[in-house]
Each structure stands twice: as structure tokens, then as C-alpha cells.
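entry_27.txt follows (compact mmCIF, C-alpha atoms):
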```txt
# COMPACT_ATOMS: atom_id res chain seq x y z
CA ASP A 90 58.30 -163.62 -192.94
CA GLU A 91 61.27 -165.73 -194.08
CA CYS A 92 59.18 -168.84 -194.75
CA ALA A 93 56.79 -166.93 -197.01
CA TRP A 94 59.56 -165.20 -198.95
CA GLY A 95 61.51 -168.44 -199.24
CA SER A 96 58.43 -170.23 -200.59
CA TRP A 97 57.84 -167.46 -203.10
CA LEU A 98 61.45 -167.51 -204.33
CA LEU A 99 61.39 -171.27 -204.82
CA ALA A 100 58.01 -171.05 -206.57
CA GLU A 101 59.26 -168.30 -208.88
CA TYR A 102 62.72 -169.65 -209.74
CA GLY A 103 62.62 -173.34 -208.87
CA GLN A 104 61.39 -174.67 -212.21
CA LYS A 105 64.35 -177.03 -212.49
CA CYS A 106 63.84 -178.55 -209.04
CA PRO A 107 62.01 -181.89 -208.83
CA PHE A 108 58.40 -181.35 -207.82
CA ILE A 109 58.73 -183.71 -204.85
CA GLU A 110 61.47 -181.51 -203.44
CA LEU A 111 59.46 -178.35 -204.07
CA SER A 112 56.38 -179.79 -202.37
CA ARG A 113 58.43 -180.43 -199.24
CA ARG A 114 59.96 -176.96 -199.11
CA VAL A 115 57.20 -174.69 -200.43
CA SER A 116 54.02 -173.93 -198.49
CA PRO A 117 50.75 -175.19 -200.07
CA LYS A 118 49.67 -171.57 -200.56
CA HIS A 119 52.67 -170.83 -202.80
CA LEU A 120 52.96 -174.28 -204.34
CA GLY A 121 50.02 -173.54 -206.62
CA TYR A 122 51.95 -170.62 -208.12
CA ALA A 123 54.92 -172.92 -208.70
CA ILE A 124 52.69 -175.36 -210.61
CA LYS A 125 51.45 -172.48 -212.75
CA LYS A 126 55.02 -171.39 -213.52
CA ARG A 127 55.90 -174.98 -214.46
CA GLY A 128 53.08 -175.22 -217.01
CA PHE A 129 50.30 -177.14 -215.21
CA LYS A 130 51.81 -180.59 -215.64
CA PRO A 131 49.01 -183.15 -215.08
CA GLU A 132 50.95 -185.27 -212.60
CA GLU A 133 51.89 -182.19 -210.58
CA VAL A 134 48.31 -180.92 -210.56
CA THR A 135 47.11 -184.29 -209.25
CA ALA A 136 49.83 -184.32 -206.60
CA TYR A 137 48.87 -180.79 -205.59
CA GLY A 138 45.25 -181.87 -205.16
CA GLU A 139 46.40 -184.59 -202.78
CA ILE A 140 48.48 -182.05 -200.85
CA LEU A 141 45.50 -179.69 -200.55
CA ASN A 142 43.31 -182.52 -199.34
CA ARG A 143 45.87 -183.51 -196.74
CA ASN A 144 47.06 -180.05 -195.69
CA MET A 145 44.47 -177.44 -196.61
CA PRO A 146 45.92 -173.88 -196.58
CA ASP A 147 44.36 -171.07 -194.58
CA GLY A 148 44.73 -168.44 -197.29
CA TYR A 149 43.67 -168.06 -200.89
CA VAL A 150 44.80 -170.41 -203.64
CA PRO A 151 45.28 -169.19 -207.23
CA THR A 152 41.94 -169.90 -208.85
CA ASP A 153 43.43 -170.91 -212.21
CA VAL A 154 45.47 -173.59 -210.44
CA LEU A 155 42.53 -174.68 -208.32
CA ALA A 156 40.40 -174.97 -211.47
CA GLU A 157 42.90 -177.51 -212.82
CA VAL A 158 42.72 -179.43 -209.55
CA VAL A 159 38.90 -179.45 -209.62
CA ALA A 160 38.95 -180.84 -213.17
CA SER A 161 41.60 -183.47 -212.41
CA CYS A 162 40.58 -184.53 -208.90
CA PRO A 163 36.76 -184.53 -208.54
CA LYS A 164 36.96 -186.95 -205.61
CA TYR A 165 38.73 -184.35 -203.51
CA VAL A 166 36.08 -181.75 -204.34
CA SER A 167 33.41 -184.11 -203.04
CA GLN A 168 35.37 -184.55 -199.82
CA TRP A 169 35.84 -180.79 -199.39
CA LEU A 170 32.09 -180.26 -199.76
CA ASP A 171 31.11 -183.16 -197.51
CA THR A 172 28.80 -182.12 -194.68
CA GLU A 173 31.14 -183.63 -192.10
CA ARG A 174 33.83 -181.16 -193.13
CA ARG A 175 31.61 -178.06 -193.15
CA ASN A 176 33.18 -176.85 -189.91
CA MET A 177 36.45 -176.51 -191.83
CA ILE A 178 35.00 -173.69 -193.93
CA TRP A 179 35.63 -171.14 -191.21
CA ARG A 180 39.10 -172.39 -190.39
CA HIS A 181 40.09 -172.29 -194.07
CA GLN A 182 37.85 -169.52 -195.34
CA GLY A 183 40.30 -168.21 -197.93
CA PHE A 184 40.62 -171.63 -199.54
CA TYR A 185 36.86 -172.17 -199.62
CA GLU A 186 36.24 -168.75 -201.13
CA SER A 187 38.71 -169.63 -203.89
CA LEU A 188 36.95 -172.97 -204.32
CA CYS A 189 33.56 -171.25 -204.49
CA GLU A 190 34.79 -168.95 -207.27
CA VAL A 191 36.03 -171.93 -209.28
CA LEU A 192 32.89 -174.00 -208.75
CA LEU A 193 30.56 -171.16 -209.74
CA GLU A 194 32.40 -171.06 -213.05
CA LYS A 195 32.97 -174.79 -213.63
CA GLN A 196 30.26 -176.55 -211.60
CA PRO A 197 27.55 -173.95 -210.86
CA LYS A 198 25.24 -176.25 -208.88
CA GLN A 199 27.92 -177.15 -206.37
CA GLY A 200 29.15 -173.56 -206.40
CA LYS A 201 25.70 -172.26 -205.53
CA GLN A 202 25.42 -174.65 -202.59
CA LEU A 203 28.81 -173.61 -201.24
CA PHE A 204 28.05 -169.92 -201.78
CA GLY A 205 24.77 -170.26 -199.89
CA GLU A 206 26.46 -172.05 -197.02
CA MET A 207 29.16 -169.40 -196.70
CA HIS A 208 26.75 -166.51 -197.14
CA ARG A 209 24.20 -167.72 -194.59
CA ASN A 210 26.64 -168.69 -191.86
CA ASN A 211 29.34 -166.11 -192.41
CA ARG A 212 30.95 -165.58 -189.02
CA HIS A 213 33.41 -163.05 -190.35
CA ARG A 214 33.82 -161.60 -193.81
CA THR A 215 37.01 -161.12 -195.75
CA VAL A 216 36.64 -157.88 -197.68
CA ASP A 217 38.42 -156.21 -200.55
CA SER A 218 40.89 -153.65 -199.20
CA GLY A 219 39.78 -150.82 -201.48
CA THR A 220 36.02 -151.23 -201.67
CA LYS A 221 35.31 -153.11 -198.41
CA ILE A 222 33.00 -155.40 -200.38
CA PRO A 223 33.07 -159.06 -199.24
CA LEU A 224 35.32 -161.07 -201.53
CA LEU A 225 32.69 -163.79 -201.67
CA PHE A 226 30.37 -161.43 -203.56
CA PHE A 227 32.97 -160.86 -206.28
CA SER A 228 32.75 -164.52 -207.27
CA ALA A 229 29.00 -164.22 -207.97
CA PHE A 230 29.67 -161.59 -210.63
CA LYS A 231 32.99 -162.86 -211.92
CA ALA A 232 31.47 -166.21 -212.91
CA ALA A 233 29.84 -166.54 -216.31
CA ASP A 234 26.07 -166.22 -216.49
CA SER A 235 24.24 -169.44 -215.65
CA ALA A 236 20.92 -170.26 -214.04
CA GLU A 237 22.59 -170.86 -210.68
CA VAL A 238 24.81 -167.77 -210.80
CA CYS A 239 21.92 -165.52 -211.86
CA SER A 240 19.88 -167.00 -209.02
CA ILE A 241 22.57 -165.96 -206.54
CA ARG A 242 22.59 -162.45 -207.98
CA ARG A 243 18.81 -162.24 -207.66
CA ILE A 244 19.06 -163.27 -204.01
CA LEU A 245 21.67 -160.59 -203.36
CA ARG A 246 19.54 -158.07 -205.23
CA GLY A 247 16.46 -159.05 -203.23
CA LYS A 248 18.26 -158.47 -199.94
CA THR A 249 19.18 -154.85 -200.66
CA LEU A 250 18.18 -152.97 -197.52
CA THR A 251 20.31 -149.85 -198.02
CA ASP A 252 21.76 -147.82 -200.86
CA ASN A 253 25.12 -149.34 -199.97
CA ASP A 254 23.77 -152.77 -200.98
CA LEU A 255 22.51 -151.36 -204.28
CA PHE A 256 25.82 -149.60 -204.85
CA GLU A 257 27.80 -152.80 -204.32
CA ILE A 258 25.65 -154.71 -206.80
CA ALA A 259 26.14 -152.00 -209.42
CA PHE A 260 29.87 -151.85 -208.67
CA LEU A 261 30.41 -155.60 -208.95
CA ALA A 262 28.40 -155.86 -212.16
CA GLN A 263 30.51 -153.11 -213.75
CA LYS A 264 33.74 -154.50 -212.32
CA HIS A 265 33.21 -157.81 -214.12
CA ASN A 266 31.51 -156.40 -217.24
CA ARG A 267 28.05 -157.74 -216.41
CA TYR A 268 26.46 -154.70 -218.01
CA GLU A 269 23.83 -156.73 -219.82
CA TRP A 270 22.67 -158.32 -216.57
CA LEU A 271 22.68 -154.96 -214.79
CA GLU A 272 20.72 -153.27 -217.56
CA LYS A 273 18.12 -156.06 -217.52
CA THR A 274 17.83 -155.68 -213.75
CA ILE A 275 17.29 -151.94 -214.11
CA THR A 276 14.67 -152.51 -216.80
CA VAL A 277 12.78 -154.95 -214.55
CA TYR A 278 12.81 -152.42 -211.73
CA LEU A 279 11.73 -149.48 -213.89
CA ASN A 280 8.84 -151.49 -215.34
CA SER A 281 7.62 -152.60 -211.92
CA ASP A 282 4.26 -151.59 -210.47
CA PHE A 283 5.93 -150.83 -207.14
CA ALA A 284 7.25 -147.34 -206.52
CA LEU A 285 10.13 -148.62 -204.39
CA ASP A 286 11.32 -150.93 -207.17
CA ILE A 287 11.24 -148.06 -209.66
CA ALA A 288 13.30 -145.98 -207.25
CA LYS A 289 15.84 -148.80 -206.94
CA GLY A 290 16.14 -148.91 -210.72
CA LEU A 291 16.74 -145.17 -210.83
CA PHE A 292 19.46 -145.38 -208.21
CA LEU A 293 21.13 -148.29 -210.00
CA LEU A 294 21.28 -146.01 -213.04
CA GLY A 295 22.84 -143.35 -210.84
CA PHE A 296 25.48 -145.79 -209.62
CA MET A 297 26.49 -146.71 -213.16
CA GLY A 298 29.44 -144.94 -214.74
CA THR A 299 28.34 -144.97 -218.38
CA PRO A 300 27.16 -141.78 -220.13
CA SER A 301 24.08 -143.64 -221.39
CA ALA A 302 22.90 -144.12 -217.80
CA GLY A 303 23.00 -140.36 -217.27
CA GLU A 304 21.11 -139.79 -220.51
CA GLN A 305 18.48 -142.31 -219.46
CA LEU A 306 18.03 -140.48 -216.16
CA ASP A 307 17.73 -137.14 -217.98
CA THR A 308 15.02 -138.57 -220.22
CA TRP A 309 13.14 -140.06 -217.29
CA ILE A 310 13.26 -136.77 -215.35
CA ALA A 311 12.07 -134.77 -218.37
CA GLU A 312 9.10 -137.07 -219.03
CA LYS A 313 7.77 -137.43 -215.47
CA LYS A 314 5.77 -135.04 -213.36
CA PRO A 315 7.01 -133.83 -209.96
CA SER A 316 6.63 -136.61 -207.39
CA TRP A 317 8.63 -138.60 -204.90
CA LEU A 318 10.00 -140.74 -207.72
CA HIS A 319 10.95 -137.57 -209.59
CA ASP A 320 12.97 -136.50 -206.55
CA CYS A 321 14.63 -139.94 -206.44
CA ALA A 322 15.62 -139.60 -210.08
CA ARG A 323 17.15 -136.18 -209.46
CA ARG A 324 19.17 -137.54 -206.53
CA ALA A 325 20.32 -140.45 -208.66
CA LYS A 326 21.38 -138.00 -211.36
CA ILE A 327 23.48 -136.04 -208.86
CA ILE A 328 25.20 -139.25 -207.74
CA HIS A 329 25.87 -140.16 -211.37
CA GLU A 330 27.35 -136.72 -212.07
CA ARG A 331 29.72 -136.87 -209.11
CA ASN A 332 31.47 -139.84 -210.69
CA GLN A 333 31.79 -137.87 -213.92
CA TRP A 334 33.26 -134.94 -211.99
CA ALA A 335 35.77 -137.19 -210.23
CA HIS A 336 36.79 -138.66 -213.59
CA HIS A 337 37.24 -135.18 -215.08
CA TRP A 338 39.37 -133.80 -212.25
CA PHE A 339 41.52 -136.91 -212.00
CA GLU A 340 42.31 -136.82 -215.71
CA ARG A 341 43.13 -133.13 -215.37
CA PHE A 342 45.48 -133.96 -212.50
CA VAL A 343 47.19 -136.62 -214.60
CA ASN A 344 47.49 -134.66 -217.83
CA HIS A 345 47.82 -130.96 -216.99
CA GLU A 346 51.25 -129.52 -217.68
CA GLU A 347 51.34 -127.07 -214.75
CA LYS A 348 52.02 -128.63 -211.36
CA LEU A 349 49.89 -126.10 -209.48
CA GLN A 350 46.87 -126.74 -211.71
CA ALA A 351 47.39 -130.49 -211.35
CA TRP A 352 47.58 -130.19 -207.56
CA ALA A 353 44.36 -128.15 -207.49
CA ALA A 354 42.61 -130.68 -209.73
CA PHE A 355 43.65 -133.52 -207.42
CA HIS A 356 42.08 -131.78 -204.42
CA LEU A 357 38.86 -131.18 -206.34
CA PHE A 358 38.94 -134.85 -207.30
CA LEU A 359 39.14 -135.80 -203.61
CA ARG A 360 36.00 -133.76 -202.92
CA CYS A 361 33.80 -135.92 -205.15
CA VAL A 362 35.49 -139.34 -205.45
CA ASP A 363 33.72 -142.55 -204.41
CA ARG A 364 34.42 -146.27 -204.81
CA ARG A 365 33.62 -146.16 -208.51
CA PHE A 366 37.11 -144.70 -208.87
CA TRP A 367 38.50 -148.24 -208.59
CA LEU A 368 36.65 -149.11 -211.80
CA TRP A 369 38.55 -146.61 -213.94
CA GLY A 370 41.28 -144.91 -211.89
CA GLU A 371 44.03 -147.49 -212.33
CA LYS A 372 43.55 -147.45 -216.10
CA VAL A 373 43.99 -143.68 -216.22
CA ILE A 374 47.07 -143.56 -214.00
CA SER A 375 48.68 -146.57 -215.72
CA SER A 376 48.89 -144.85 -219.09
CA PRO A 377 52.46 -144.80 -220.45
CA ASP A 378 52.13 -141.04 -221.02
CA VAL A 379 51.66 -140.23 -217.33
CA ARG A 380 54.43 -138.09 -215.85
CA TYR A 381 56.55 -139.79 -213.24
CA GLU A 382 55.91 -137.16 -210.56
CA ARG A 383 52.13 -137.53 -211.01
CA LEU A 384 52.40 -141.29 -210.64
CA GLU A 385 54.47 -140.88 -207.48
CA HIS A 386 52.00 -138.34 -206.11
CA TYR A 387 49.16 -140.78 -206.72
CA ARG A 388 51.01 -143.62 -205.00
CA ALA A 389 51.82 -141.43 -202.01
CA CYS A 390 48.19 -140.27 -201.72
CA ARG A 391 46.49 -143.60 -202.33
CA GLY A 392 45.69 -143.90 -198.64
CA SER A 393 44.14 -140.43 -198.71
CA ILE A 394 41.91 -141.51 -201.60
CA VAL A 395 40.64 -144.47 -199.58
CA GLN A 396 39.88 -142.21 -196.62
CA LYS A 397 38.13 -139.58 -198.73
CA VAL A 398 36.05 -142.24 -200.47
CA LYS A 399 34.78 -143.40 -197.10
CA LYS A 400 34.03 -139.87 -195.89
CA ASN A 401 32.34 -138.81 -199.12
CA GLU A 402 30.02 -141.82 -199.08
CA GLU A 403 29.03 -141.01 -195.51
CA LYS A 404 27.88 -137.51 -196.51
CA SER A 405 25.09 -136.18 -198.71
CA PRO A 406 24.15 -136.96 -201.45
CA PHE A 407 25.34 -140.51 -200.74
CA GLU A 408 24.87 -141.54 -197.09
CA LEU A 409 24.84 -145.04 -198.49
CA LYS A 410 24.60 -146.98 -195.25
CA LYS A 411 21.91 -144.76 -193.74
CA CYS A 412 19.55 -144.51 -196.70
CA LEU A 413 17.53 -146.56 -199.12
CA VAL A 414 16.76 -144.80 -202.42
CA GLY A 415 17.95 -141.58 -200.83
CA TRP A 416 15.69 -141.71 -197.77
CA LYS A 417 17.06 -142.30 -194.31
CA VAL A 418 15.83 -145.48 -192.68
CA GLN A 419 16.35 -147.14 -189.34
CA GLU A 420 17.22 -150.80 -189.25
CA SER A 421 14.35 -153.12 -188.24
CA GLN A 422 11.96 -150.19 -187.79
CA LEU A 423 9.88 -149.79 -190.96
CA TRP A 424 8.84 -152.13 -193.73
CA PRO A 425 10.40 -152.97 -196.19
CA TRP A 426 13.38 -152.62 -193.89
CA LEU A 427 12.00 -155.06 -191.33
CA GLY A 428 14.97 -157.38 -191.47
CA ALA A 429 13.49 -159.70 -188.86
CA TYR A 430 10.56 -160.54 -191.14
CA LEU A 431 12.44 -161.00 -194.41
CA GLN A 432 12.43 -164.58 -195.67
CA GLU A 433 14.12 -166.10 -198.69
CA ASP A 434 11.27 -168.23 -200.00
CA SER A 435 8.09 -166.60 -198.75
CA GLU A 436 6.79 -163.68 -196.76
CA PRO A 437 4.03 -163.31 -194.15
CA GLU A 438 0.58 -162.44 -195.45
CA ASP A 439 0.56 -159.12 -193.61
CA LEU A 440 3.81 -158.10 -195.30
CA ALA A 441 2.37 -159.14 -198.64
CA GLU A 442 -0.61 -156.90 -197.88
CA ALA A 443 1.76 -154.03 -197.15
CA GLN A 444 3.45 -154.71 -200.47
CA ARG A 445 0.10 -154.48 -202.27
CA LEU A 446 -0.61 -151.21 -200.51
CA ARG A 447 2.81 -149.95 -201.52
CA ALA A 448 1.89 -150.40 -205.18
CA LYS A 449 -0.91 -147.87 -204.83
CA THR A 450 1.36 -144.93 -204.12
CA ASP A 451 4.24 -143.30 -205.92
CA VAL A 452 4.22 -140.17 -203.77
CA ALA A 453 6.36 -141.33 -200.84
CA PRO A 454 8.04 -144.55 -199.74
CA ILE A 455 5.83 -144.75 -196.65
CA ASN A 456 2.25 -143.67 -196.07
CA ASP A 457 -0.20 -144.24 -193.22
CA ASP A 458 -1.58 -147.49 -194.65
CA LEU A 459 1.90 -148.90 -195.10
CA LEU A 460 2.92 -147.79 -191.63
CA ASN A 461 -0.09 -149.44 -190.01
CA ALA A 462 0.49 -152.65 -191.96
CA ALA A 463 4.13 -152.64 -190.90
CA LYS A 464 3.24 -152.08 -187.25
CA ASN A 465 0.91 -155.08 -187.32
CA ALA A 466 3.39 -157.31 -189.17
CA GLY A 467 4.01 -160.55 -187.33
CA ARG A 468 1.34 -159.97 -184.68
CA PRO A 469 -1.12 -162.79 -183.94
```

What's the C-alpha cells form of this structure?
Amino acid sequence: DECAWGSWLLAEYGQKCPFIELSRRVSPKHLGYAIKKRGFKPEEVTAYGEILNRNMPDGYVPTDVLAEVVASCPKYVSQWLDTERRNMIWRHQGFYESLCEVLLEKQPKQGKQLFGEMHRNNRHRTVDSGTKIPLLFFSAFKAADSAEVCSIRRILRGKTLTDNDLFEIAFLAQKHNRYEWLEKTITVYLNSDFALDIAKGLFLLGFMGTPSAGEQLDTWIAEKKPSWLHDCARRAKIIHERNQWAHHWFERFVNHEEKLQAWAAFHLFLRCVDRRFWLWGEKVISSPDVRYERLEHYRACRGSIVQKVKKNEEKSPFELKKCLVGWKVQESQLWPWLGAYLQEDSEPEDLAEAQRLRAKTDVAPINDDLLNAAKNAGRP
């Protein structure tokens, strides 16, 4: 609207205007950008903190600007996190998600508390337009490794109930270059005594885009005897290869000289693309050597890519939201997918018994003993 565009124009080109005048004419959401353009002057950062405290915006605030405010105005941060103002989180969710990202980086203890509050009582989730992953989760992987941040990641990892949850963890770790953390997680899973954990590690390898992950899967498949876990590894390998295929056909579309061949490559790319495309696709298409007509074709078909990503992930071999480690599950029907019995700090003794039984088998995710233990879970 006119107010938004007017605020943006003043923020972009109003460097010579007095800050007091700008603060009266520019919305708080855009005023942060103006402060950034003006060089983060300390007095303006402090004044902006006072404005945010008095008139908190509904949308997101540039995190680099908010980081300056957090460093300069700690008293306002304490007020924003005060328990009496917790109800404001949902009225100003964009602002609090920006604040959470900053705190996880600068003040991890406070960031973890805010993340937990928003994650537990999330009435509605703001998601990334391309991946449909909650924006709150991005902050847990964007922040530098710390005890608190790694604790949040472990909690998210422990609550993986479908392959979609595993996929999102692998995606976010790769998006923010947390390969070391992801590789350690995979190693922990693969060295576990539980068959399900090993299967999760195999699928995390399948969701990675690096050639070394595919090589590791090949080695694992070659060394193991036929079993349920062997089947899981083969499925994970297929999922890994589909990303390689998508990468191949997209590069062929971008670089092939003949238009017909490029058009054919693009349609083959659409047959196998998934959300991992957003990890590497923009880099490929943004090359200065890309032909103008290919770039325009990509821009015109971007919506088609989003639609095909969704459809491809709903079909075999993905079926991410219906399966866990490649096996279809029904929500709240079978352990370990008994969502009603999952607890953050502890688990019922009967579920622990089912977990011990699970360690005895690597043939299938569910056997009769596990099923009976699950049926009796929670009964007096």
C-alpha cells in the first residue's frame, strides 16, 4: 500500500533527514532499515529501541538492526521477555521470531527460553514460502553452535515422528552449513543399538546433498546382509540419487545450447525435484553465464517448481508426511509414533520396555512384542 511504499522510500533515500522526522513518518517495521542505511548510529539505535518498546511492530524486524538494539538496550529486552507480556507474542509473532533469532546468537539462554515458549504454544506458524518449514526452526540452525542451541536441535531431532521431520532437520542443517553437527548426529544414530535410530541415520544420509553421503550409503549397503535396515538404506540411496538427478537435469537446462534439449531437460528436472533444490538451485541459475531466455523461463516456471516439489514429495519414494524411515505409519496408532505418550523429560516405564524390546530386532520396525507393549502403554 501507499504507507508501506512511502516508508520504504524514506528509509532508502532519507539519509539526510533528521532521525526525529523519519521516526514520525516511517513505520517501525521500515525504520530499522533506515537505521541500517544510516550506519547504525548509537543514538538512533537507542531511540529505535524505545520506539519498539512503545509501538511493537507486527511483522519482522531486520535481525542485524535488532541485534544492535539488544546490545544497546538490555532493559527493553527484559521487558519484552517479561511473563506479563507473554500474551503479546502471538499478536507480534514476527517481531518475537526476529528477537528469538537474535537472542539465540547473542544471548543463548534467553533465546532458548523464548524458543521453547513459542514452540510449545504455537497457535499458528509462519512458514517459509518455498519450503513450508516454520521460520522459527530456521533460527535454531542459523545461530552458532552453543550448549543451548544444540539442546534445541536435539529436542527437534527427538520429536521426529515422520520422514518430513527428518527431512526438515537435514535441510536446515545444510541450509546454514551445520554439516559438522549433522554428520555427528548421523554418526550417533548409526552407532545406536536401536534399529529405528540406525534407520533414521540412514535416511538423514539420504536427505543430504553431498556426494560423500551417497558413498557412505553405498558402503553401508555393500557391507550389510539383507534385512529391514538394508531395505531402508536402499530407499535412502534412491532418495539421495533423486537430488543428484534433479541437479543434473537443471544444469543441463541452464547450459545446453539447443532450446529443445533444454526444454526437455527442464521437464525431466520437474519429475525428480524436491525441496533440496532451494539449497543449490538459485546458485546455478544466478551464474553470469546463464542465457537470458533460460533465466526468464525459470522465473516464469518458479510456481510450477513449487507445485511439483509438493507433488513429488507426496509420492513414492518420498511420501514424507505419511512415512517414518520409509514405512507408512498412522498418527497416534503405533509406538514410537504414539504422540500422546511422548514426553520431553521422561517416558512411561511401559514405553521404555517397548524401547528395550525394539533393540532386540533389526528385522522390522514393529514386531509382536513391540505391538503388545504399545497396546498396553498407558494402561493402569

ask   = Nearest to A:Val343: which of A:Cys321, A:Gly148, A:Trp367, A:Glu385 is it, counting all atoms listed in the file?
value =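 Selected residue with least distance to A:Val343: A:Glu385.
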
inquiry  = Here is a test: counting only C-alpha atoms, which residue of A:Phe256, A:Phe296, A:Phe339, A:Tyr122 is nearest to A:Lys326?
reply    =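 Using only C-alpha atoms, the shortest distance to A:Lys326 belongs to A:Phe296.
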
message = Can you measure atom CA of A:Asn266 to atom CA of A:Arg242 for me? One decimal in Å is fine.
response = 14.2 Å

query = Quick one: of A:Ala232, A:Leu368, A:Ala288, A:Ile374, who's nearest to A:Arg391, counting all atoms listed in the file?
reply =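 Closest residue, counting all atoms listed in the file: A:Ile374.
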
task = For A:Ala229, please output as a ChimeraX atom specification all residues within 8 Å (counting only C-alpha atoms; exclusion window: fewer than 6 positions along the same chain).
result = /A:190,193,238,241-242

task = For stretch 181-188 of chain A, work out the shell of residues within 7 Å, counting all atoms listed in the file and skipping chain neighbours fewer than 2 positions away, then give it as a list in words.
result = Pro146, Asp147, Gly148, Tyr149, Val150, Thr152, Met177, Ile178, Trp179, Glu190, Val191, Leu192 and Leu225 of chain A

task = Tell me which of A:Ala100, A:Cys162, A:Val277, A:Leu261 sits closest to A:Arg113, counting all atoms listed in the file.
result = A:Ala100

ask   = A:Ile394: which residues within 12 Å, counting all atoms listed in the file, same-chain residues fewer than 5 positions away excluded, as a list in words?
value = Gly219, Thr220, Ala335, Phe339, Phe355, His356, Leu357, Phe358, Leu359, Arg360, Cys361, Val362, Asp363, Arg364, Arg365, Phe366, Trp367, Gly370, His386, Tyr387, Arg388, Ala389, Lys399, Lys400 and Asn401 of chain A

key: Point-to-point distance from atom CA of A:Asn344 to atom CA of A:Phe407, Å rounded to tenths   = 28.6 Å

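Around the coordinate (58.1, -168.5, -210.8), residues that reach within 9 Å when counting all atoms listed in the file are Trp97, Leu98, Leu99, Ala100, Glu101, Tyr102, Gly103, Gln104, Tyr122, Ala123, Ile124, Lys125, Lys126 and Arg127 of chain A.
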
key: Interatomic distance, atom CA of A:Leu291 to atom CA of A:Ala322 (Å, one decimal)   =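 According to the coordinates, atom CA of A:Leu291 and atom CA of A:Ala322 are separated by 5.7 Å.
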
task = Would you mind telling me which residue in A:His213, A:Asn332, A:Asp286, A:Asp307 lies nearest to A:Thr249 when using all atoms listed in the file?
result = A:Asp286

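A search radius of 8 Å centred on (23.3, -154.8, -207.3), applied to all atoms listed in the file, returns the residues Arg242, Leu245, Arg246, Thr249, Asp254, Leu255, Phe256, Glu257, Ile258, Ala259, Phe260, Leu261, Ala262, Leu271 and Leu293 of chain A.
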
request  = Rank nothing, just name the residue among A:Trp416, A:Phe129, A:Trp169, A:Trp334 nearest to A:Asn142, using all atoms listed in the file.
outcome  =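 Looking only at the distances to A:Asn142, the closest residue turns out to be A:Trp169.
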
task = Excluding A:Ile287 and any residue of its chain fewer than 4 positions from it, enumerate the residues within 9 Å of it, using only C-alpha atoms, and give them as a VMD selection string.
result = chain A and resid 275 277 to 283 291 to 292 318

request  = For A:Pro197, work out the shell of residues within 10 Å, counting only C-alpha atoms and skipping chain neighbours fewer than 2 positions away, then give it as a ChimeraX atom specification.
outcome  = /A:189-195,199-204,232-238

Would you mind completing stretch 128-140 of chain A to N, CA and C atoms and writing the output as an mmCIF file, keeping the file's coordinate frame?
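Below you can see selection_22.cif, which holds the result:
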```cif
data_model
loop_
_atom_site.group_PDB
_atom_site.id
_atom_site.type_symbol
_atom_site.label_atom_id
_atom_site.label_comp_id
_atom_site.auth_asym_id
_atom_site.auth_seq_id
_atom_site.Cartn_x
_atom_site.Cartn_y
_atom_site.Cartn_z
ATOM 1 N N GLY A 128 53.879 -174.850 -215.845
ATOM 2 C CA GLY A 128 53.080 -175.220 -217.010
ATOM 3 C C GLY A 128 51.942 -176.184 -216.758
ATOM 4 N N PHE A 129 51.452 -176.291 -215.530
ATOM 5 C CA PHE A 129 50.300 -177.140 -215.210
ATOM 6 C C PHE A 129 50.494 -178.583 -215.682
ATOM 7 N N LYS A 130 51.581 -179.185 -215.288
ATOM 8 C CA LYS A 130 51.810 -180.590 -215.640
ATOM 9 C C LYS A 130 50.776 -181.460 -214.934
ATOM 10 N N PRO A 131 50.119 -182.370 -215.664
ATOM 11 C CA PRO A 131 49.010 -183.150 -215.080
ATOM 12 C C PRO A 131 49.393 -183.887 -213.803
ATOM 13 N N GLU A 132 50.563 -184.506 -213.787
ATOM 14 C CA GLU A 132 50.950 -185.270 -212.600
ATOM 15 C C GLU A 132 51.191 -184.351 -211.404
ATOM 16 N N GLU A 133 51.669 -183.140 -211.666
ATOM 17 C CA GLU A 133 51.890 -182.190 -210.580
ATOM 18 C C GLU A 133 50.571 -181.617 -210.067
ATOM 19 N N VAL A 134 49.628 -181.405 -210.974
ATOM 20 C CA VAL A 134 48.310 -180.920 -210.560
ATOM 21 C C VAL A 134 47.624 -181.952 -209.669
ATOM 22 N N THR A 135 47.707 -183.224 -210.059
ATOM 23 C CA THR A 135 47.110 -184.290 -209.250
ATOM 24 C C THR A 135 47.776 -184.377 -207.882
ATOM 25 N N ALA A 136 49.100 -184.277 -207.869
ATOM 26 C CA ALA A 136 49.830 -184.320 -206.600
ATOM 27 C C ALA A 136 49.456 -183.125 -205.718
ATOM 28 N N TYR A 137 49.245 -181.980 -206.349
ATOM 29 C CA TYR A 137 48.870 -180.790 -205.590
ATOM 30 C C TYR A 137 47.482 -180.955 -204.969
ATOM 31 N N GLY A 138 46.569 -181.590 -205.715
ATOM 32 C CA GLY A 138 45.250 -181.870 -205.160
ATOM 33 C C GLY A 138 45.334 -182.736 -203.922
ATOM 34 N N GLU A 139 46.212 -183.721 -203.951
ATOM 35 C CA GLU A 139 46.400 -184.590 -202.780
ATOM 36 C C GLU A 139 46.973 -183.799 -201.610
ATOM 37 N N ILE A 140 47.888 -182.882 -201.906
ATOM 38 C CA ILE A 140 48.480 -182.050 -200.850
ATOM 39 C C ILE A 140 47.412 -181.151 -200.222
#
```
